[in-house]
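Pasted below: run.cif, mmCIF, C-alpha atoms and all ligand atoms.
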data_work
loop_
_atom_site.label_atom_id
_atom_site.label_comp_id
_atom_site.auth_asym_id
_atom_site.auth_seq_id
_atom_site.Cartn_x
_atom_site.Cartn_y
_atom_site.Cartn_z
CA MET J 251 -16.46 -21.19 -7.15
CA ILE J 252 -17.71 -19.93 -3.79
CA PHE J 253 -20.81 -17.79 -3.31
CA ASP J 254 -21.42 -16.29 0.11
CA VAL J 255 -24.98 -14.99 0.14
CA LEU J 256 -26.09 -12.35 2.64
CA THR J 257 -29.83 -12.26 3.22
CA ILE J 258 -32.44 -11.80 5.92
CA PHE J 259 -34.40 -14.71 4.38
CA PRO J 260 -31.98 -17.67 4.24
CA GLY J 261 -34.89 -20.11 3.80
CA PHE J 262 -35.48 -18.59 0.36
CA PHE J 263 -32.54 -20.60 -1.00
CA THR J 264 -33.46 -24.02 0.37
CA SER J 265 -35.48 -25.37 -2.53
CA PRO J 266 -33.63 -23.81 -5.50
CA LEU J 267 -30.32 -25.22 -4.24
CA ALA J 268 -31.80 -28.64 -3.51
CA GLU J 269 -32.90 -29.38 -7.09
CA SER J 270 -31.42 -30.27 -10.45
CA LEU J 271 -28.06 -29.01 -11.69
CA LEU J 272 -27.31 -26.60 -8.85
CA LYS J 273 -27.77 -29.41 -6.33
CA LYS J 274 -25.54 -31.71 -8.38
CA ALA J 275 -22.87 -29.02 -8.65
CA ILE J 276 -22.93 -28.53 -4.88
CA ASP J 277 -22.74 -32.30 -4.31
CA LYS J 278 -19.79 -32.57 -6.71
CA GLY J 279 -18.02 -29.66 -5.03
CA LEU J 280 -18.04 -27.54 -8.20
CA ILE J 281 -19.73 -24.72 -6.35
CA GLN J 282 -20.01 -23.89 -2.71
CA ILE J 283 -22.91 -21.73 -1.54
CA ARG J 284 -22.88 -20.42 2.00
CA VAL J 285 -26.09 -18.63 2.90
CA LYS J 286 -25.58 -16.26 5.82
CA ASN J 287 -28.37 -14.74 7.86
CA LEU J 288 -27.76 -11.01 8.18
CA ARG J 289 -29.58 -11.04 11.52
CA ASP J 290 -26.61 -12.95 12.94
CA TYR J 291 -24.50 -9.84 12.31
CA ALA J 292 -26.89 -7.45 14.07
CA LYS J 293 -25.53 -6.42 17.46
CA ASP J 294 -28.70 -5.19 19.24
CA LYS J 295 -30.86 -7.51 21.30
CA HIS J 296 -33.70 -7.50 18.73
CA ARG J 297 -31.27 -8.37 15.92
CA MET J 298 -32.60 -5.46 13.84
CA THR J 299 -31.44 -5.26 10.24
CA ASP J 300 -33.64 -2.34 9.12
CA ASP J 301 -34.77 1.03 10.40
CA TYR J 302 -36.81 4.07 9.37
CA PRO J 303 -35.38 6.30 6.64
CA TYR J 304 -33.86 9.61 7.69
CA GLY J 305 -35.92 12.40 6.17
CA GLY J 306 -39.11 10.37 6.36
CA GLY J 307 -40.93 8.59 3.56
CA ALA J 308 -42.37 5.15 2.96
CA GLY J 309 -40.78 1.85 3.90
CA MET J 310 -37.70 0.77 5.79
CA VAL J 311 -34.01 0.90 4.95
CA MET J 312 -31.47 -1.84 5.66
CA LYS J 313 -29.02 -0.80 8.35
CA PRO J 314 -25.35 -0.51 7.39
CA GLU J 315 -23.65 -2.30 10.31
CA PRO J 316 -24.84 -5.92 9.82
CA ILE J 317 -24.14 -5.92 6.06
CA ILE J 318 -20.76 -4.24 6.35
CA SER J 319 -19.68 -6.61 9.16
CA ALA J 320 -20.73 -9.66 7.12
CA VAL J 321 -18.92 -8.50 3.97
CA GLU J 322 -15.80 -7.61 5.95
CA GLU J 323 -15.81 -11.03 7.59
CA VAL J 324 -15.86 -12.75 4.19
CA LYS J 325 -13.18 -10.42 2.78
CA ALA J 326 -10.97 -10.96 5.83
CA GLU J 327 -11.07 -14.69 5.10
CA ASP J 328 -10.40 -14.20 1.39
CA PRO J 329 -9.27 -10.71 0.26
CA ASP J 330 -9.89 -11.65 -3.41
CA THR J 331 -13.64 -11.94 -2.83
CA LEU J 332 -15.73 -9.72 -5.10
CA SER J 333 -18.71 -8.12 -3.36
CA VAL J 334 -21.82 -7.78 -5.49
CA LEU J 335 -24.88 -5.81 -4.49
CA PHE J 336 -28.13 -6.50 -6.32
CA THR J 337 -30.03 -3.32 -7.04
CA PRO J 338 -32.28 -2.10 -9.86
CA GLN J 339 -29.87 0.84 -10.08
CA GLY J 340 -26.89 -1.35 -11.02
CA LYS J 341 -25.36 -2.30 -14.35
CA ARG J 342 -27.67 -4.57 -16.32
CA PHE J 343 -26.68 -8.24 -16.06
CA ASP J 344 -26.30 -10.12 -19.34
CA GLN J 345 -24.47 -13.11 -20.80
CA GLN J 346 -21.36 -11.08 -21.54
CA MET J 347 -21.13 -9.93 -17.93
CA ALA J 348 -21.63 -13.52 -16.74
CA ARG J 349 -18.82 -14.70 -19.02
CA GLU J 350 -16.50 -11.90 -17.90
CA MET J 351 -16.99 -12.86 -14.26
CA ILE J 352 -16.11 -16.53 -14.48
CA GLY J 353 -12.44 -15.86 -13.74
CA GLN J 354 -13.49 -14.75 -10.28
CA LYS J 355 -13.43 -17.58 -7.74
CA HIS J 356 -15.22 -16.09 -4.74
CA PHE J 357 -18.24 -13.77 -4.50
CA VAL J 358 -20.16 -12.29 -1.63
CA LEU J 359 -23.68 -11.50 -2.81
CA ILE J 360 -25.71 -8.88 -0.96
CA CYS J 361 -29.49 -9.24 -1.15
CA GLY J 362 -31.35 -6.05 -0.38
CA ARG J 363 -34.93 -5.81 0.91
CA TYR J 364 -37.44 -3.05 1.70
CA GLU J 365 -36.43 0.31 0.17
CA GLY J 366 -32.86 -0.85 -0.24
CA LEU J 367 -29.66 -0.30 1.73
CA ASP J 368 -28.20 2.59 3.64
CA GLU J 369 -26.00 4.39 1.08
CA ARG J 370 -22.90 3.89 3.25
CA VAL J 371 -22.91 0.16 2.45
CA HIS J 372 -22.38 1.04 -1.23
CA LEU J 373 -19.53 3.35 -0.32
CA ALA J 374 -17.82 1.05 2.20
CA VAL J 375 -17.85 -2.48 0.82
CA VAL J 376 -19.54 -2.86 -2.59
CA ASP J 377 -17.36 -3.71 -5.63
CA ARG J 378 -20.14 -4.16 -8.20
CA GLU J 379 -23.79 -3.14 -8.38
CA ILE J 380 -25.84 -5.37 -10.62
CA SER J 381 -29.43 -5.19 -11.83
CA ILE J 382 -31.13 -8.17 -13.43
CA GLY J 383 -33.49 -5.98 -15.45
CA ASP J 384 -35.54 -2.82 -15.55
CA TYR J 385 -38.19 -3.81 -13.05
CA VAL J 386 -38.33 -3.80 -9.28
CA LEU J 387 -38.48 -7.00 -7.23
CA THR J 388 -39.17 -7.27 -3.52
CA GLY J 389 -35.68 -8.52 -2.72
CA GLY J 390 -32.22 -9.42 -4.01
CA GLU J 391 -32.63 -13.18 -3.40
CA ILE J 392 -33.99 -13.97 -6.87
CA PRO J 393 -31.28 -11.82 -8.54
CA ALA J 394 -28.67 -13.72 -6.48
CA LEU J 395 -30.04 -17.06 -7.72
CA VAL J 396 -30.07 -15.75 -11.30
CA PHE J 397 -26.43 -14.71 -10.92
CA ILE J 398 -25.34 -18.03 -9.37
CA ASP J 399 -27.15 -20.05 -12.04
CA ALA J 400 -25.83 -18.04 -14.99
CA LEU J 401 -22.20 -18.20 -13.81
CA SER J 402 -22.31 -21.84 -12.75
CA ARG J 403 -23.21 -22.91 -16.29
CA TYR J 404 -19.66 -21.97 -17.31
CA ILE J 405 -17.97 -24.21 -14.75
CA PRO J 406 -16.54 -27.32 -16.45
CA GLY J 407 -18.62 -30.34 -15.41
CA PHE J 408 -21.70 -28.30 -14.45
CA LEU J 409 -23.66 -29.01 -17.62
CA GLY J 410 -24.14 -32.52 -18.91
CA CYS J 411 -23.03 -31.26 -22.32
CA ALA J 412 -20.29 -28.64 -22.13
CA GLN J 413 -21.07 -27.55 -25.69
CA SER J 414 -24.55 -26.30 -24.68
CA VAL J 415 -23.29 -23.14 -23.09
CA GLU J 416 -21.55 -22.21 -26.33
CA GLU J 417 -24.69 -22.88 -28.37
CA ASP J 418 -27.25 -21.23 -26.10
CA SER J 419 -28.85 -17.92 -26.94
CA PHE J 420 -26.45 -14.95 -26.60
CA ALA J 421 -23.33 -17.16 -26.59
CA HIS J 422 -22.20 -15.60 -29.88
CA GLY J 423 -24.49 -12.61 -29.73
CA LEU J 424 -27.41 -14.41 -31.42
CA LEU J 425 -30.57 -16.17 -30.22
CA GLU J 426 -30.48 -19.93 -30.45
CA TYR J 427 -32.08 -21.83 -33.37
CA PRO J 428 -35.41 -23.69 -32.84
CA GLN J 429 -35.14 -27.10 -31.16
CA TYR J 430 -37.16 -30.26 -31.88
CA THR J 431 -37.44 -33.74 -30.40
CA ARG J 432 -39.63 -36.78 -31.12
CA PRO J 433 -42.25 -37.33 -32.52
CA PRO J 434 -41.31 -36.31 -36.07
CA VAL J 435 -44.89 -35.13 -36.75
CA PHE J 436 -47.17 -33.71 -34.10
CA ARG J 437 -50.64 -32.31 -34.93
CA GLU J 438 -49.59 -32.04 -38.57
CA MET J 439 -46.52 -30.01 -37.60
CA ALA J 440 -43.46 -31.77 -39.00
CA VAL J 441 -39.88 -31.47 -37.82
CA PRO J 442 -37.80 -29.73 -40.56
CA GLU J 443 -36.53 -32.47 -42.86
CA VAL J 444 -32.92 -31.36 -42.70
CA LEU J 445 -32.78 -32.28 -38.99
CA LEU J 446 -33.68 -35.87 -39.85
CA SER J 447 -31.17 -36.06 -42.71
CA GLY J 448 -28.09 -36.93 -40.65
CA ASN J 449 -26.11 -34.48 -42.83
CA HIS J 450 -24.18 -32.55 -40.20
CA ALA J 451 -22.93 -29.81 -42.53
CA GLN J 452 -26.46 -29.07 -43.70
CA ILE J 453 -27.81 -29.18 -40.16
CA PHE J 454 -25.12 -26.77 -39.02
CA ARG J 455 -25.96 -24.36 -41.87
CA TRP J 456 -29.72 -24.61 -41.21
CA ARG J 457 -29.22 -23.90 -37.50
CA ARG J 458 -26.99 -20.93 -38.20
CA ARG J 459 -29.53 -19.46 -40.57
CA GLU J 460 -32.47 -20.05 -38.20
CA SER J 461 -30.46 -18.46 -35.43
CA LEU J 462 -29.90 -15.40 -37.64
CA ARG J 463 -33.57 -15.35 -38.71
CA ARG J 464 -34.77 -15.49 -35.08
CA THR J 465 -32.43 -12.75 -33.97
CA PHE J 466 -33.39 -10.61 -36.99
CA GLN J 467 -37.11 -11.06 -36.22
CA ARG J 468 -37.07 -10.90 -32.41
CA ARG J 469 -33.96 -9.07 -31.26
CA PRO J 470 -32.48 -7.10 -34.18
CA ASP J 471 -30.64 -4.94 -31.62
CA LEU J 472 -28.31 -7.90 -30.94
CA LEU J 473 -27.09 -8.06 -34.54
CA ASP J 474 -24.97 -4.91 -34.20
CA ARG J 475 -22.65 -6.68 -31.72
CA ALA J 476 -22.83 -10.24 -33.08
CA GLN J 477 -19.86 -12.02 -34.66
CA LEU J 478 -20.98 -12.40 -38.30
CA SER J 479 -19.33 -14.01 -41.33
CA ASP J 480 -19.74 -12.75 -44.90
CA GLU J 481 -22.23 -15.57 -45.48
CA ASP J 482 -24.23 -14.47 -42.41
CA ARG J 483 -24.35 -10.91 -43.70
CA GLY J 484 -25.51 -12.12 -47.10
CA PHE J 485 -28.32 -14.11 -45.48
CA LEU J 486 -29.37 -11.10 -43.39
CA ARG J 487 -29.53 -8.98 -46.56
CA GLU J 488 -31.86 -11.64 -48.05
CA LEU J 489 -34.07 -11.42 -44.95
CA GLN J 490 -34.15 -7.63 -45.21
CA THR J 491 -35.14 -7.82 -48.88
CA GLN J 492 -37.88 -10.37 -48.11
CA GLU J 493 -39.18 -8.15 -45.32
CA GLY J 494 -39.15 -5.11 -47.63
CA MET J 495 -41.11 -7.05 -50.28
CA ALA J 496 -43.62 -8.36 -47.69
CA GLY J 497 -44.11 -4.80 -46.41
CA GLY J 498 -45.02 -3.72 -49.96
C1 LIG P 501 -37.96 -3.02 -3.48
S1 LIG P 501 -36.29 -3.16 -3.94
C2 LIG P 501 -35.69 -1.54 -3.58
C3 LIG P 501 -35.73 -0.63 -4.74
C4 LIG P 501 -35.18 0.74 -4.43
N1 LIG P 501 -36.05 1.47 -3.55
C5 LIG P 501 -34.97 1.51 -5.72
O1 LIG P 501 -35.89 2.20 -6.14
O2 LIG P 501 -33.90 1.40 -6.31
C6 LIG P 501 -35.61 -4.16 -2.70
C7 LIG P 501 -34.37 -4.94 -3.08
O3 LIG P 501 -34.66 -5.85 -4.13
C8 LIG P 501 -33.53 -6.05 -4.93
N2 LIG P 501 -33.92 -5.77 -6.33
C9 LIG P 501 -35.13 -5.35 -6.75
N3 LIG P 501 -35.17 -5.25 -8.08
C10 LIG P 501 -33.97 -5.63 -8.55
C11 LIG P 501 -33.40 -5.74 -9.85
N4 LIG P 501 -34.09 -5.41 -10.94
N5 LIG P 501 -32.14 -6.17 -9.95
C12 LIG P 501 -31.41 -6.49 -8.86
N6 LIG P 501 -31.90 -6.40 -7.60
C13 LIG P 501 -33.16 -5.97 -7.43
C14 LIG P 501 -32.42 -5.13 -4.41
O4 LIG P 501 -31.54 -5.88 -3.62
C15 LIG P 501 -33.21 -4.11 -3.59
O5 LIG P 501 -32.44 -3.57 -2.54
#

Please, can you express the file's structure as structure tokens?
Amino acid sequence: MIFDVLTIFPGFFTSPLAESLLKKAIDKGLIQIRVKNLRDYAKDKHRMTDDYPYGGGAGMVMKPEPIISAVEEVKAEDPDTLSVLFTPQGKRFDQQMAREMIGQKHFVLICGRYEGLDERVHLAVVDREISIGDYVLTGGEIPALVFIDALSRYIPGFLGCAQSVEEDSFAHGLLEYPQYTRPPVFREMAVPEVLLSGNHAQIFRWRRRESLRRTFQRRPDLLDRAQLSDEDRGFLRELQTQEGMAGG
């Protein structure tokens, strides 16, 4: 998978891409990340990438020419490239969107700054507008890293244990069950006995139920879209009854 990243702060990516699994994936050739400095696409002698907004108002706006030239250069090399603009006004990124995008082999990621981009960039070269949540960041670099990380986890060989991605929170519409490691007792808090039993069927059932309990308690909105068996539904009814009784 190739990610071309367009930014005016290329140094932002140095450390995140030089650590841990993303670094290993780059070294193994599973992903290729090409960070491009938008200033290199500015034609004027000061290499300007922003200017004052027409109509007045606070802040600066990113100029259209450097971004459009950079996206067009990438698309000329590979017409199947999907251009993604990070903006708080885009569609909210989630696990489902990450999963849907893994068929795509080449992305060009546009990182905005200041007050955002001249609207003509959106009209000329943007295929998708993505927000990573309902808050405003100073730039699109962190959203780009979030996007790269979330998609890369699906690439075979990226994770040490391929199963993890299928068991993580949201994989089947539920939050993940609680995890434990050694020691078996810490400050009088014991690891649930079933996890020490070696009985895989019981462990599987316990994890499923804890996953349902967590989602019910913390993110009940997810349950509407989750894939649930009859047994799951029965357990959720038990939780509802318990909650009703606790509430008086
Ligand atoms: C300060 S923001 C601009 C916000 C813009 N004035 C608005 O109200 O929509 C600067 C840049 O950060 C990025 N950004 C900020 N928040 C984001 C979010 N929640 N999701 C994705 N990108 C975001 C975008 O690339 C944006 O162009």

Can you find the residues with an atom no farther than 12 Å from (-25.2, 4.4, -13.2), counting all atoms listed in the file, and report them as a PyMOL selection string? chain J and resi 337-342+378-381

Residues near segment 353-361 of chain J, cut-off 9 Å, all atoms listed in the file, skip fewer than 4 positions along chain, as a short mmCIF file (atom, residue, chain, number, x, y, z; two decimals) with C-alpha atoms, in the frame of the given file:
data_model
loop_
_atom_site.label_atom_id
_atom_site.label_comp_id
_atom_site.auth_asym_id
_atom_site.auth_seq_id
_atom_site.Cartn_x
_atom_site.Cartn_y
_atom_site.Cartn_z
CA MET J 251 -16.46 -21.19 -7.15
CA ILE J 252 -17.71 -19.93 -3.79
CA PHE J 253 -20.81 -17.79 -3.31
CA ASP J 254 -21.42 -16.29 0.11
CA VAL J 255 -24.98 -14.99 0.14
CA LEU J 256 -26.09 -12.35 2.64
CA THR J 257 -29.83 -12.26 3.22
CA ILE J 258 -32.44 -11.80 5.92
CA ILE J 317 -24.14 -5.92 6.06
CA VAL J 321 -18.92 -8.50 3.97
CA VAL J 324 -15.86 -12.75 4.19
CA LYS J 325 -13.18 -10.42 2.78
CA ASP J 328 -10.40 -14.20 1.39
CA ASP J 330 -9.89 -11.65 -3.41
CA THR J 331 -13.64 -11.94 -2.83
CA LEU J 332 -15.73 -9.72 -5.10
CA SER J 333 -18.71 -8.12 -3.36
CA VAL J 334 -21.82 -7.78 -5.49
CA LEU J 335 -24.88 -5.81 -4.49
CA PHE J 336 -28.13 -6.50 -6.32
CA THR J 337 -30.03 -3.32 -7.04
CA ARG J 349 -18.82 -14.70 -19.02
CA VAL J 376 -19.54 -2.86 -2.59
CA GLY J 389 -35.68 -8.52 -2.72
CA GLY J 390 -32.22 -9.42 -4.01
CA GLU J 391 -32.63 -13.18 -3.40
CA ILE J 392 -33.99 -13.97 -6.87
CA PRO J 393 -31.28 -11.82 -8.54
CA ALA J 394 -28.67 -13.72 -6.48
#

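Nearest residue to Val396 of chain J, choosing from J:Ala421, J:Ala292, J:Leu267, J:Ile453 and counting only C-alpha atoms: J:Leu267.
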
Residues within 6 Å of Tyr427 of chain J, please, as a ChimeraX atom specification. Count all atoms listed in the file; anything in the same chain fewer than 3 positions from it doesn't count. /J:457,460-461

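As for atom CA of Met310 of chain J and atom CA of Gly366 of chain J, they are spaced 7.9 Å apart.
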
Counting only C-alpha atoms, which of J:Gly362, J:Pro260, J:Pro266, J:Pro470 gets nearest to Val311 of chain J? J:Gly362

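If all atoms listed in the file are the atoms counted, then among J:His296, J:Thr431, J:Gly309, J:Arg458 the closest residue to Ser479 of chain J is J:Arg458.
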
So that I can check the surroundings of Thr299 of chain J, please list as a list in words every protein, DNA and RNA residue that reaches within 8 Å of it, counting all atoms listed in the file and ignoring chain neighbours fewer than 4 positions away.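 Answer for this query is Ile258, Leu288, Arg289, Ala292, Met312, Lys313 and Pro316 of chain J.
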
Distance criterion (all atoms listed in the file): nearest to ligand LIG 501 (chain P) out of J:Asp480, J:Asp399, J:Asp418, J:Asp368: J:Asp368

Take segment 392-418 of chain J, bring it up to N, CA and C atoms, and give me the output as a short mmCIF file (atom, residue, chain, number, x, y, z; two decimals), in the frame of the given file.
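As written to disk, selection37.cif reads:
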data_model
loop_
_atom_site.label_atom_id
_atom_site.label_comp_id
_atom_site.auth_asym_id
_atom_site.auth_seq_id
_atom_site.Cartn_x
_atom_site.Cartn_y
_atom_site.Cartn_z
N ILE J 392 -33.82 -13.42 -5.52
CA ILE J 392 -33.99 -13.97 -6.87
C ILE J 392 -32.85 -13.50 -7.78
N PRO J 393 -32.48 -12.22 -7.77
CA PRO J 393 -31.28 -11.82 -8.54
C PRO J 393 -30.04 -12.64 -8.17
N ALA J 394 -29.86 -12.94 -6.88
CA ALA J 394 -28.67 -13.72 -6.48
C ALA J 394 -28.73 -15.12 -7.11
N LEU J 395 -29.91 -15.72 -7.12
CA LEU J 395 -30.04 -17.06 -7.72
C LEU J 395 -29.81 -16.99 -9.23
N VAL J 396 -30.29 -15.93 -9.86
CA VAL J 396 -30.07 -15.75 -11.30
C VAL J 396 -28.57 -15.68 -11.58
N PHE J 397 -27.87 -14.91 -10.77
CA PHE J 397 -26.43 -14.71 -10.92
C PHE J 397 -25.68 -16.04 -10.73
N ILE J 398 -26.02 -16.76 -9.66
CA ILE J 398 -25.34 -18.03 -9.37
C ILE J 398 -25.57 -19.02 -10.51
N ASP J 399 -26.81 -19.10 -10.97
CA ASP J 399 -27.15 -20.05 -12.04
C ASP J 399 -26.41 -19.72 -13.32
N ALA J 400 -26.45 -18.44 -13.71
CA ALA J 400 -25.83 -18.04 -14.99
C ALA J 400 -24.32 -18.27 -14.99
N LEU J 401 -23.66 -18.00 -13.86
CA LEU J 401 -22.20 -18.20 -13.81
C LEU J 401 -21.83 -19.68 -13.72
N SER J 402 -22.64 -20.42 -12.96
CA SER J 402 -22.31 -21.84 -12.75
C SER J 402 -22.30 -22.62 -14.05
N ARG J 403 -23.14 -22.21 -15.00
CA ARG J 403 -23.21 -22.91 -16.29
C ARG J 403 -21.87 -22.94 -17.01
N TYR J 404 -20.98 -22.00 -16.66
CA TYR J 404 -19.66 -21.97 -17.31
C TYR J 404 -18.63 -22.87 -16.64
N ILE J 405 -18.96 -23.40 -15.47
CA ILE J 405 -17.97 -24.21 -14.75
C ILE J 405 -17.88 -25.58 -15.42
N PRO J 406 -16.67 -25.99 -15.82
CA PRO J 406 -16.54 -27.32 -16.45
C PRO J 406 -17.14 -28.41 -15.56
N GLY J 407 -17.99 -29.25 -16.16
CA GLY J 407 -18.62 -30.34 -15.41
C GLY J 407 -20.01 -29.99 -14.89
N PHE J 408 -20.38 -28.70 -14.96
CA PHE J 408 -21.70 -28.30 -14.45
C PHE J 408 -22.81 -28.80 -15.37
N LEU J 409 -22.65 -28.57 -16.66
CA LEU J 409 -23.66 -29.01 -17.62
C LEU J 409 -23.33 -30.41 -18.10
N GLY J 410 -24.37 -31.18 -18.37
CA GLY J 410 -24.14 -32.52 -18.91
C GLY J 410 -23.34 -32.42 -20.19
N CYS J 411 -23.69 -31.43 -21.03
CA CYS J 411 -23.03 -31.26 -22.32
C CYS J 411 -22.36 -29.89 -22.33
N ALA J 412 -21.03 -29.90 -22.25
CA ALA J 412 -20.29 -28.64 -22.13
C ALA J 412 -20.54 -27.72 -23.32
N GLN J 413 -20.87 -28.33 -24.47
CA GLN J 413 -21.07 -27.55 -25.69
C GLN J 413 -22.29 -26.62 -25.56
N SER J 414 -23.29 -27.05 -24.75
CA SER J 414 -24.55 -26.30 -24.68
C SER J 414 -24.34 -24.83 -24.42
N VAL J 415 -23.46 -24.54 -23.48
CA VAL J 415 -23.29 -23.14 -23.09
C VAL J 415 -22.79 -22.30 -24.26
N GLU J 416 -22.05 -22.94 -25.17
CA GLU J 416 -21.55 -22.21 -26.33
C GLU J 416 -22.60 -22.09 -27.43
N GLU J 417 -23.66 -22.92 -27.33
CA GLU J 417 -24.69 -22.88 -28.37
C GLU J 417 -25.94 -22.14 -27.92
N ASP J 418 -26.06 -21.91 -26.61
CA ASP J 418 -27.25 -21.23 -26.10
C ASP J 418 -27.40 -19.84 -26.71
#
